[in-house]
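In what follows, a single structure is set out as structure tokens and then discussed.
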Amino acid sequence: MKYLEFDEQRPMDIILLGRVAIDFNPAYNDQVKEDFKPLKKVHMFEKFVGGSPANIAVGVTRHGLKAGFIGKVSDDQFGEYVVDYFNEQGIDTSHITKCTNGEKLGLTFTEMLSPTESSILMYRNCIADLQLSVEDIDEDYIKSAKAILISGTALAQSPSREAAIKAVMLAKRNNTRVIFDIDYRAYNWKNDDEISIYYSIVAKEADLIMGSREEFDLTEKLIRPGMTDEESAAYWQGCNARLLVIKHGMKGSTAYTCDGQKFSIKPFPVNARKGFGGGDGYGSGFLYGLYQGWDVIDCLEFGSAEASMMVRSNNCSDDLPGPDAVRAFIKEEKEKYGEMIARV
């Protein structure tokens with residue numbers, strides 16, 4: 001059963017809206033290998049495009065989908081770097097605009113202490129991505145796409161939150177599917193009530209909601225706190241959702257479908273380089289399978305495999321794989337660990 005029907009006549013597969021940043025990761029390549037150590041001890045960094053919706057845009061494009069991006073970048077060489085990178089990847093940048101008041105792209109410095117211990121140092125004052133405004137949202141662009149993906153970080157402050165909500169309203173008016181990647185990041189939010197208010201506005205309109213248990217708890221705080229996964233699925237499917245994906249980290253994730261079924265997957269075992277970035281690979285792989293009309297369990301397996309591939313990588317964008325690489329990874333893992341290694 002196809003749980004999300006897309007208008008196949010539309011030229012754009014998906015438009016993503018939200019955060020784009022610059023990641024500086026400890027160098028780990030053929031020339032320089034910064035081993036696990038505190039950030040203050042790192043001398044050499046590598047620069048990458050970052051930000052969850054930006055990474056997912058790269059990921060789905062690597063899988064052959066046609067993606068566009070709505071966002072704001074700084075009016076400097078870092079802003080040019082992002083736009084040039086997207087153009088090189090084949091992502092439509094016609095609705096990425098430059099800030100006019102000196103706002104800057106976020107800078108993320110990552111600390112990798114061990115395969116399971118990592119953190120980030122984030123610079124997000126006077127930030128570019130949250131300057132997206134309602135004037136930047138074009139109805140014709142929204143209705144050219146089969147779906148839009150809203151990143152929860154875009155709801156953290158005005159004017160970006162109003163722009164994101166406008167995009168959702170126009171998507172609903174034009175039968176464009178709405179995907180909500182909750183994508184909680186503590187920065188820029190004032191309190192949990194504010195988070196619940198704005199997350200729930202978008203979640204109530206979404207056809208697909210993806211997030212961790214913590215992210216669903218934040219979304220539901222002012223609705224009905226303390227819901228189980230099954231209760232969350234029932235509630236949001238009583239609104240508009242056709243499909244929910246609830247993640248529990250290393251314990252795996254479960255998809256809940258609107259016909260009352262659930263499908264679960266476990267992570268594929270790998271030697272990790274970092275504890276983040278897996279979610280972007282997961283989203284890219286899962287959405288690719290969904291667009292191909294696969295069974296939900298196969299979408300989950302593909303997303304879980306791509307997530308594992310990304311946590312063993314030193315970055316969250318450049319190393320996003322194509323479908324052949326993901327299939328080869330799954331085959332290799334199953335030959336090593338057994339056919340049912342990831343399936344519950």
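Chain identifiers are assigned as A, B, and so on, following the order in which chains appear in the structure tokens; residues are numbered from 1 within each chain, and ligands are numbered from 1 in order of appearance.
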> Taking the backbone alone, and naming residues the way the document does, which bits of stretch 129-340 of chain A are helix (DSSP H, G or I) by DSSP, as an MDAnalysis selection string?
Replying inline: chainID A and resid 129:131 134:136 139:142 152:155 160:173 192:203 213:220 229:237 249:251 278:291 296:311 323:337
>> Please extract the residues of stretch 106-339 of chain A with a backbone DSSP assignment of strand (DSSP E) and present them as a ChimeraX atom specification.
In response: /A:106-114,117-123,145-151,177-181,208-212,243-247,253-257,262-265
Could you build a table of the residues in stretch 154-264 of chain A lying no more than 10 Å from stretch 132-141 of chain A, giving for each the nearest pair of atoms and their separation in Å rounded to one decimal place, using only C-alpha atoms, ordered by chain and ascending residue number, as a tab-separated table?
residue	atom	partner	partner_atom	distance
A:Ala154	CA	A:Leu132	CA	8.5
A:Gln157	CA	A:Leu132	CA	9.9
A:Ser158	CA	A:Ser133	CA	8.0
A:Pro159	CA	A:Ser133	CA	5.1
A:Ser160	CA	A:Leu132	CA	4.7
A:Arg161	CA	A:Ser133	CA	8.2
A:Glu162	CA	A:Val134	CA	6.3
A:Ala163	CA	A:Val134	CA	4.3
A:Ala164	CA	A:Val134	CA	7.9
A:Ile165	CA	A:Val134	CA	8.8
A:Lys166	CA	A:Val134	CA	6.7
A:Ala167	CA	A:Ile137	CA	6.3
A:Met169	CA	A:Glu139	CA	9.7
A:Leu170	CA	A:Glu139	CA	6.2
A:Ala171	CA	A:Glu139	CA	8.0
A:Arg173	CA	A:Glu139	CA	9.5
A:Asn174	CA	A:Glu139	CA	8.5
Atoms to include: N, CA and C atoms. Write the selected residues as a tab-separated table (two decimals), in the first residue's frame.
chain	number	residue	atom	x	y	z
A	154	ALA	N	13.46	25.86	11.63
A	154	ALA	CA	12.96	27.05	10.95
A	154	ALA	C	11.86	27.74	11.73
A	157	GLN	N	12.32	31.13	15.41
A	157	GLN	CA	12.23	32.58	15.55
A	157	GLN	C	11.51	33.18	14.36
A	158	SER	N	10.96	34.38	14.57
A	158	SER	CA	10.45	35.19	13.46
A	158	SER	C	11.65	35.89	12.79
A	159	PRO	N	11.56	36.15	11.48
A	159	PRO	CA	10.42	35.93	10.59
A	159	PRO	C	10.36	34.53	9.97
A	160	SER	N	11.35	33.67	10.28
A	160	SER	CA	11.41	32.37	9.65
A	160	SER	C	10.19	31.52	9.98
A	161	ARG	N	9.70	31.59	11.22
A	161	ARG	CA	8.58	30.72	11.59
A	161	ARG	C	7.32	31.06	10.78
A	162	GLU	N	7.08	32.34	10.55
A	162	GLU	CA	5.92	32.71	9.73
A	162	GLU	C	6.11	32.27	8.28
A	163	ALA	N	7.33	32.35	7.78
A	163	ALA	CA	7.61	31.89	6.42
A	163	ALA	C	7.34	30.39	6.29
A	164	ALA	N	7.79	29.62	7.28
A	164	ALA	CA	7.58	28.18	7.24
A	164	ALA	C	6.09	27.83	7.31
A	165	ILE	N	5.36	28.52	8.17
A	165	ILE	CA	3.92	28.25	8.29
A	165	ILE	C	3.19	28.66	7.02
A	166	LYS	N	3.60	29.76	6.40
A	166	LYS	CA	3.01	30.15	5.12
A	166	LYS	C	3.25	29.06	4.07
A	167	ALA	N	4.47	28.52	4.04
A	167	ALA	CA	4.77	27.46	3.07
A	167	ALA	C	3.86	26.26	3.29
A	169	MET	N	0.82	26.32	4.65
A	169	MET	CA	-0.54	26.70	4.25
A	169	MET	C	-0.71	26.66	2.73
A	170	LEU	N	0.30	27.14	2.00
A	170	LEU	CA	0.23	27.11	0.55
A	170	LEU	C	0.32	25.68	0.01
A	171	ALA	N	1.11	24.85	0.69
A	171	ALA	CA	1.21	23.44	0.29
A	171	ALA	C	-0.15	22.76	0.44
A	173	ARG	N	-3.07	24.15	0.39
A	173	ARG	CA	-4.00	24.71	-0.59
A	173	ARG	C	-3.79	24.11	-1.97
A	174	ASN	N	-2.57	23.69	-2.26
A	174	ASN	CA	-2.23	23.20	-3.59
A	174	ASN	C	-1.97	21.69	-3.64
>> I'd like to know which of A:Ser74, A:Gln89, A:Asn315, A:Ser94 is closest to A:Ala128, using only C-alpha atoms.
In response: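 Using only C-alpha atoms, A:Ala128 sits closest to A:Ser74.
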>> With distances taken over only C-alpha atoms, which residue among A:Gly59, A:Gly152, A:Gly338, A:Gly79 lies nearest A:Ile91?
In response: A:Gly59
